[in-house]
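A.B. asks: Handing you this structure, nothing more for now.
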Amino acid sequence: MNQNDALEELQKQVVRRNPAEPEFHQAVSEVLDSLAPVIAKHPEYKDAKLLERICEPERQIIFRVPWVDDSGTVQINRGFRVEFNSALGPYKGGLRFHPSVNLGVVKFLGFEQIFKNSLSGLPIGGGKGGSDFDPKGRSDNEIMRFCQSFMTELYRHIGEYTDVPAGDIGVGARELGFLFGQYKRITNRYESGVLTGKGLGWGGARVRKEATGYGTVYFVQEMLAAQGQDLEGKEVTVSGSGNVAIYAMEKVHQFGGKVVACSDSGGYVYDPAGIDVDLVRQIKEIERGRISEYTERRRNGSDYAAGGSIWNLPCHVALPCATQNELTGDDASALIRSGVLAVAEGANMPCTPEAMKLFRDAGTLFGPAKAANAGGVATSALEMQQNASRDSWSFEYSEQRLRDIMVEIHRSCFETAEEYGRSGDYVFGANTTGFSRVADAMLAFGVI
Ligand code: NDP
């Protein structure tokens with residue numbers, strides 16, 4: 001069997017063995033599509049069945065999360081932790097609380113995380129977890145009871161040297177506080193390095209909150225710089241208005257670009273004068289409100305559209321920072337027609353396979369999630385370093401470390417693509433670099 005046939009057969013096997021998990025199939029296919037040249041160059045990977053092993057999680061945990069709501073009614077949710085690969089370090093990846101969470105979604109995120117964490121160059125393996133719990137509209141007390149119940153099962157599977165969860169959609173500083181409190185209470189250990197994204201007063205790291213958004217923009221700046229350009233004066237569209245989106249917008253403005261639109265799951269705002277990031281932060285991060293309130297409070301003639309696609313707005317740079325598969329083939333065509341220069345995935349897998357193909361065929365600079373948004377998990381690994389040494393770094397030093405890491409991720413993706421004659425193909429560069437480091441470690445460990 002030749003290389004391409006073997007990879008196709010493996011993809012079919014993944015679909016057969018993991019039925020009804022379309023997001024996981026998509027994530028695997030996106031990585032395998034890049035790997036034929038690497039496998040051809042390294043037959044030892046094939047002999048050791050590394051690809052087959054890497055597609056199979058080391059451990060998958062599914063558990064019941066019972067809790068009582070404010071009206072006294074018992075609620076049952078489902079909790080997940082997929083410990084995907086520990087070749088490079090303890091499993092590392094966030095927890096997502098959202099009604100769309102199921103095993104396939106957690107596996108797609110965990111699989112992506114293996115290669116992203118490898119690209120960061122730091123000693124962290126890949127994992128992901130979460131629950132189908134919907135935090136929207138829940139009181140602080142309900143969130144606390146849910147988090148305590150979730151941790152009452154999860155605590156036995158995690159640890160500073162085993163598995164280190166963090167936040168993701170629906171899990172921010174408030175939820176991490178409740179989770180860490182319960183872990184500490186059950187284990188009687190102040191084990192700071194067991195969770196990242198913690199509050200600054202109890203083991204958290206400076207720049208962690210900003211890291212994913214800032215890192216994505218550093219990556220864009222590097223892609224543009226490789227073409228002799230920069231963000232100065234560029235119009236930028238950012239989807240979402242959560243953690244990643246807010247700090248991506250802030251960094252774009254610091255680089256002299258102008259963010260003209262952002263969104264939430266209800267619709268988007270278009271503000272040709274430039275999005276007021278402080279106002280978005282006030283509405284979404286502090287008040288947990290809706291982005292529709294922006295136009296009323298901004299009072300400068302900005303528009304709100306309920307529904308419709310934010311990607312129909314012309315822009316130089318597009319940063320999808322909301323959720324998976326939010327940017328479709330039609331959206332990509334609209335962006336290409338309006339002359340988009342660069343797209344970088346702040347969210348995980350926000351572009352559909354069709355959209356990715358269109359961007360790559362059109363020669364649009366395209367930063368895939370596992371490279372572009374790796375700054376978040378990289379800064380989580382820096383948080384673990386600070387916890388291990390009982391230290392706390394300054395904002396400036398932490399940001400410099402983040403910046404250096406993003407420059408290095410860009411360099412390694414860019415140079416790997418060049419080495420294989422795929423100049424400018426960051427998807428290929430990211431998959432190949434991320435995979436090779438994990439594969440080499442797995443090879444060294446033998447068949448385990
Ligand atoms: P948040 O929960 O803070 O924010 C998500 C944002 O996306 C919210 O504004 C939400 O709106 C919006 N949203 C959800 N669905 C849609 C949609 N269909 N269209 C438009 N907007 C939508 O999550 P994060 O910012 O932390 O995460 C965003 C993405 O980034 C996820 O894919 C996550 O996995 C990824 N990521 C996050 C990292 C981190 O450090 N936080 C690290 C690496 C990746 P609403 O308020 O209406 O729900």
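Identifiers for the structure tokens are assigned positionally: chains receive A, B, ... in sequence, residues are indexed from 1 per chain, and ligands are indexed from 1 in the order shown.
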Pick out the residues no farther than 6 Å from ligand 1, counting only C-alpha atoms and all ligand atoms, and list them as a tab-separated table (two decimals) with all heavy atoms, in the first residue's frame.
C.D. replies:
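Produced file selection-v4.tsv, reproduced below:
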chain	number	residue	atom	x	y	z
A	168	ASP	N	-11.67	27.13	29.16
A	168	ASP	CA	-11.99	27.19	27.73
A	168	ASP	C	-13.37	27.87	27.69
A	168	ASP	O	-13.73	28.57	28.65
A	168	ASP	CB	-12.01	25.78	27.11
A	168	ASP	CG	-12.11	25.80	25.58
A	168	ASP	OD1	-11.12	26.10	24.92
A	168	ASP	OD2	-13.20	25.53	25.04
A	169	ILE	N	-14.15	27.63	26.65
A	169	ILE	CA	-15.48	28.26	26.57
A	169	ILE	C	-16.28	27.93	27.83
A	169	ILE	O	-16.36	26.78	28.24
A	169	ILE	CB	-16.23	27.76	25.31
A	169	ILE	CG1	-15.53	28.27	24.04
A	169	ILE	CG2	-17.69	28.18	25.34
A	169	ILE	CD1	-16.15	27.79	22.74
A	170	GLY	N	-16.82	28.97	28.46
A	170	GLY	CA	-17.68	28.77	29.63
A	170	GLY	C	-16.93	28.51	30.92
A	170	GLY	O	-17.54	28.36	31.98
A	212	THR	N	-3.91	34.08	24.71
A	212	THR	CA	-4.37	33.46	23.46
A	212	THR	C	-4.62	34.53	22.40
A	212	THR	O	-4.16	34.43	21.25
A	212	THR	CB	-5.63	32.61	23.70
A	212	THR	OG1	-5.38	31.75	24.79
A	212	THR	CG2	-5.99	31.81	22.48
A	239	SER	N	-14.31	37.60	15.14
A	239	SER	CA	-15.58	37.04	15.59
A	239	SER	C	-15.47	36.65	17.06
A	239	SER	O	-14.38	36.38	17.56
A	239	SER	CB	-15.97	35.81	14.76
A	239	SER	OG	-15.03	34.79	14.97
A	240	GLY	N	-16.65	36.64	17.73
A	240	GLY	CA	-16.67	36.39	19.16
A	240	GLY	C	-16.41	37.68	19.93
A	240	GLY	O	-16.02	38.71	19.34
A	241	SER	N	-16.63	37.62	21.23
A	241	SER	CA	-16.31	38.75	22.10
A	241	SER	C	-16.03	38.20	23.49
A	241	SER	O	-16.34	38.80	24.50
A	241	SER	CB	-17.46	39.76	22.14
A	241	SER	OG	-18.69	39.08	22.33
A	242	GLY	N	-15.43	37.00	23.49
A	242	GLY	CA	-15.06	36.35	24.74
A	242	GLY	C	-13.58	36.58	25.03
A	242	GLY	O	-12.97	37.53	24.54
A	243	ASN	N	-13.00	35.69	25.79
A	243	ASN	CA	-11.62	35.87	26.24
A	243	ASN	C	-10.65	36.05	25.07
A	243	ASN	O	-9.85	37.00	25.06
A	243	ASN	CB	-11.21	34.67	27.11
A	243	ASN	CG	-9.75	34.73	27.49
A	243	ASN	OD1	-8.91	34.08	26.85
A	243	ASN	ND2	-9.40	35.54	28.47
A	244	VAL	N	-10.69	35.16	24.11
A	244	VAL	CA	-9.71	35.23	23.01
A	244	VAL	C	-9.94	36.49	22.18
A	244	VAL	O	-9.00	37.25	21.87
A	244	VAL	CB	-9.80	33.97	22.11
A	244	VAL	CG1	-8.79	34.05	20.98
A	244	VAL	CG2	-9.56	32.71	22.94
A	245	ALA	N	-11.20	36.75	21.83
A	245	ALA	CA	-11.53	37.89	20.95
A	245	ALA	C	-11.13	39.22	21.59
A	245	ALA	O	-10.51	40.08	20.92
A	245	ALA	CB	-13.03	37.87	20.64
A	263	SER	N	-18.44	40.02	17.44
A	263	SER	CA	-19.77	39.38	17.49
A	263	SER	C	-19.97	38.60	18.79
A	263	SER	O	-19.05	38.48	19.61
A	263	SER	CB	-19.90	38.41	16.30
A	263	SER	OG	-18.92	37.39	16.38
A	264	ASP	N	-21.18	38.09	18.98
A	264	ASP	CA	-21.38	36.98	19.91
A	264	ASP	C	-22.37	36.03	19.25
A	264	ASP	O	-22.65	36.19	18.04
A	264	ASP	CB	-21.80	37.45	21.32
A	264	ASP	CG	-23.17	38.09	21.39
A	264	ASP	OD1	-23.93	37.99	20.41
A	264	ASP	OD2	-23.48	38.69	22.44
A	265	SER	N	-22.90	35.05	19.98
A	265	SER	CA	-23.71	34.05	19.29
A	265	SER	C	-25.04	34.63	18.82
A	265	SER	O	-25.76	33.98	18.06
A	265	SER	CB	-23.93	32.82	20.18
A	265	SER	OG	-24.51	33.21	21.39
A	266	GLY	N	-25.37	35.87	19.23
A	266	GLY	CA	-26.64	36.48	18.78
A	266	GLY	C	-26.50	37.32	17.53
A	266	GLY	O	-27.47	37.54	16.81
A	321	CYS	N	-12.50	33.96	16.26
A	321	CYS	CA	-12.12	33.73	17.67
A	321	CYS	C	-13.31	33.25	18.49
A	321	CYS	O	-13.34	33.47	19.70
A	321	CYS	CB	-11.57	35.01	18.29
A	321	CYS	SG	-10.02	35.57	17.57
A	322	ALA	N	-14.33	32.63	17.85
A	322	ALA	CA	-15.53	32.25	18.60
A	322	ALA	C	-15.60	30.74	18.85
A	322	ALA	O	-15.43	30.28	19.97
A	322	ALA	CB	-16.77	32.74	17.88
A	323	THR	N	-15.83	29.96	17.78
A	323	THR	CA	-16.08	28.54	18.02
A	323	THR	C	-15.79	27.72	16.76
A	323	THR	O	-15.48	28.29	15.70
A	323	THR	CB	-17.53	28.34	18.51
A	323	THR	OG1	-17.68	27.04	19.04
A	323	THR	CG2	-18.54	28.55	17.39
A	324	GLN	N	-15.95	26.39	16.86
A	324	GLN	CA	-15.59	25.54	15.71
A	324	GLN	C	-16.57	25.69	14.54
A	324	GLN	O	-17.75	25.90	14.75
A	324	GLN	CB	-15.47	24.06	16.11
A	324	GLN	CG	-16.73	23.39	16.59
A	324	GLN	CD	-16.82	23.40	18.10
A	324	GLN	OE1	-16.16	24.18	18.76
A	324	GLN	NE2	-17.64	22.53	18.65
A	326	GLU	N	-17.24	27.94	12.43
A	326	GLU	CA	-18.05	29.16	12.32
A	326	GLU	C	-17.79	29.91	11.02
A	326	GLU	O	-18.53	30.81	10.66
A	326	GLU	CB	-17.74	30.09	13.50
A	326	GLU	CG	-16.25	30.36	13.65
A	326	GLU	CD	-15.90	31.66	14.35
A	326	GLU	OE1	-16.44	32.69	13.96
A	326	GLU	OE2	-15.05	31.63	15.24
A	346	GLY	N	-8.01	32.16	15.93
A	346	GLY	CA	-7.90	32.35	17.37
A	346	GLY	C	-8.66	31.26	18.10
A	346	GLY	O	-8.26	30.78	19.15
A	347	ALA	N	-9.79	30.84	17.52
A	347	ALA	CA	-10.58	29.73	18.09
A	347	ALA	C	-9.99	28.41	17.60
A	347	ALA	O	-9.10	28.38	16.75
A	347	ALA	CB	-12.03	29.86	17.66
A	348	ASN	N	-10.51	27.30	18.13
A	348	ASN	CA	-10.09	25.97	17.68
A	348	ASN	C	-10.96	25.51	16.52
A	348	ASN	O	-12.18	25.46	16.65
A	348	ASN	CB	-10.19	24.97	18.84
A	348	ASN	CG	-9.05	25.17	19.82
A	348	ASN	OD1	-7.90	25.36	19.42
A	348	ASN	ND2	-9.35	25.16	21.11
A	373	ASN	N	-3.11	29.95	17.88
A	373	ASN	CA	-3.63	30.22	19.23
A	373	ASN	C	-2.87	29.47	20.33
A	373	ASN	O	-3.34	29.36	21.46
A	373	ASN	CB	-5.16	29.99	19.29
A	373	ASN	CG	-5.57	28.53	19.28
A	373	ASN	OD1	-4.83	27.65	19.72
A	373	ASN	ND2	-6.78	28.26	18.82
A	376	GLY	N	-1.93	30.67	24.35
A	376	GLY	CA	-2.68	30.46	25.60
A	376	GLY	C	-2.10	29.31	26.39
A	376	GLY	O	-1.73	29.45	27.56
A.B. asks: Could you pull out all residues of segment 137-211 of chain A with a DSSP call of helix (DSSP H, G or I) and give them as a count of residues only?
C.D. replies: 43
A.B. asks: Neighbouring residues of segment 304-316 of chain A were defined as those with any atom within 7 Å, considering only C-alpha atoms; residues of the same chain fewer than 5 positions away were excluded. Please report them as a PyMOL selection string.
C.D. replies: chain A and resi 234-237+266-270+292+295+331+334-335+338-342
A.B. asks: Restrict the selected residues to N, CA, C and O atoms and save them as a short mmCIF file (atom, residue, chain, number, x, y, z; two decimals), in the first residue's frame.
C.D. replies:
data_model
loop_
_atom_site.label_atom_id
_atom_site.label_comp_id
_atom_site.auth_asym_id
_atom_site.auth_seq_id
_atom_site.Cartn_x
_atom_site.Cartn_y
_atom_site.Cartn_z
N LYS A 234 -4.28 48.40 9.01
CA LYS A 234 -5.13 47.34 8.44
C LYS A 234 -6.48 47.27 9.17
O LYS A 234 -6.55 47.46 10.38
N GLU A 235 -7.54 46.98 8.41
CA GLU A 235 -8.86 46.78 9.02
C GLU A 235 -9.03 45.29 9.35
O GLU A 235 -8.72 44.43 8.52
N VAL A 236 -9.50 45.03 10.55
CA VAL A 236 -9.53 43.65 11.05
C VAL A 236 -10.94 43.31 11.55
O VAL A 236 -11.58 44.13 12.23
N THR A 237 -11.41 42.12 11.19
CA THR A 237 -12.68 41.62 11.73
C THR A 237 -12.37 40.47 12.69
O THR A 237 -11.58 39.59 12.37
N GLY A 266 -25.37 35.87 19.23
CA GLY A 266 -26.64 36.48 18.78
C GLY A 266 -26.50 37.32 17.53
O GLY A 266 -27.47 37.54 16.81
N GLY A 267 -25.33 37.85 17.22
CA GLY A 267 -25.16 38.73 16.07
C GLY A 267 -23.83 39.46 16.12
O GLY A 267 -22.98 39.13 16.94
N TYR A 268 -23.67 40.45 15.21
CA TYR A 268 -22.38 41.15 15.21
C TYR A 268 -22.56 42.67 15.19
O TYR A 268 -23.61 43.18 14.79
N VAL A 269 -21.53 43.39 15.64
CA VAL A 269 -21.54 44.85 15.56
C VAL A 269 -20.48 45.28 14.55
O VAL A 269 -19.40 44.68 14.47
N TYR A 270 -20.81 46.32 13.80
CA TYR A 270 -19.88 46.91 12.84
C TYR A 270 -19.66 48.36 13.27
O TYR A 270 -20.62 49.13 13.38
N SER A 292 -25.29 43.02 21.52
CA SER A 292 -26.31 43.92 20.95
C SER A 292 -26.38 45.23 21.73
O SER A 292 -26.84 46.25 21.20
N THR A 295 -24.08 49.02 20.45
CA THR A 295 -24.41 50.20 19.61
C THR A 295 -25.12 51.27 20.43
O THR A 295 -24.83 52.46 20.31
N ASP A 331 -18.33 31.90 3.44
CA ASP A 331 -17.68 33.03 4.14
C ASP A 331 -16.27 33.25 3.58
O ASP A 331 -15.84 34.39 3.37
N ALA A 334 -16.40 34.98 0.29
CA ALA A 334 -16.71 36.41 0.44
C ALA A 334 -15.45 37.17 0.88
O ALA A 334 -15.15 38.25 0.34
N LEU A 335 -14.70 36.60 1.82
CA LEU A 335 -13.49 37.28 2.30
C LEU A 335 -12.45 37.38 1.18
O LEU A 335 -11.80 38.43 1.01
N SER A 338 -13.28 40.05 -1.23
CA SER A 338 -13.06 41.42 -0.75
C SER A 338 -11.58 41.68 -0.49
O SER A 338 -11.21 42.74 0.02
N GLY A 339 -10.72 40.71 -0.83
CA GLY A 339 -9.27 40.98 -0.81
C GLY A 339 -8.58 40.74 0.52
O GLY A 339 -7.57 41.37 0.82
N VAL A 340 -9.11 39.79 1.33
CA VAL A 340 -8.46 39.54 2.63
C VAL A 340 -7.01 39.08 2.42
O VAL A 340 -6.71 38.31 1.50
N LEU A 341 -6.11 39.60 3.26
CA LEU A 341 -4.68 39.25 3.14
C LEU A 341 -4.31 38.06 4.02
O LEU A 341 -3.53 37.21 3.63
N ALA A 342 -4.86 38.08 5.24
CA ALA A 342 -4.45 37.06 6.22
C ALA A 342 -5.63 36.64 7.07
O ALA A 342 -6.50 37.46 7.41
#
A.B. asks: Could you work out how far atom CA of Lys284 of chain A lies from atom CA of Val217 of chain A, giving the answer in Å with one decimal?
C.D. replies: 20.6 Å
A.B. asks: Could you please determine the separation between atom CA of Glu293 of chain A and atom CA of Gly215 of chain A in Å, to one decimal place?
C.D. replies: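 For atom CA of Glu293 of chain A relative to atom CA of Gly215 of chain A, the distance reads 28.0 Å.
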A.B. asks: Compile the contact shell of Phe255 of chain A as a ChimeraX atom specification: residues with an atom at most 10 Å away, counting only C-alpha atoms, same-chain residues fewer than 4 positions apart removed.
C.D. replies: /A:217-218,221,230-234,250-251
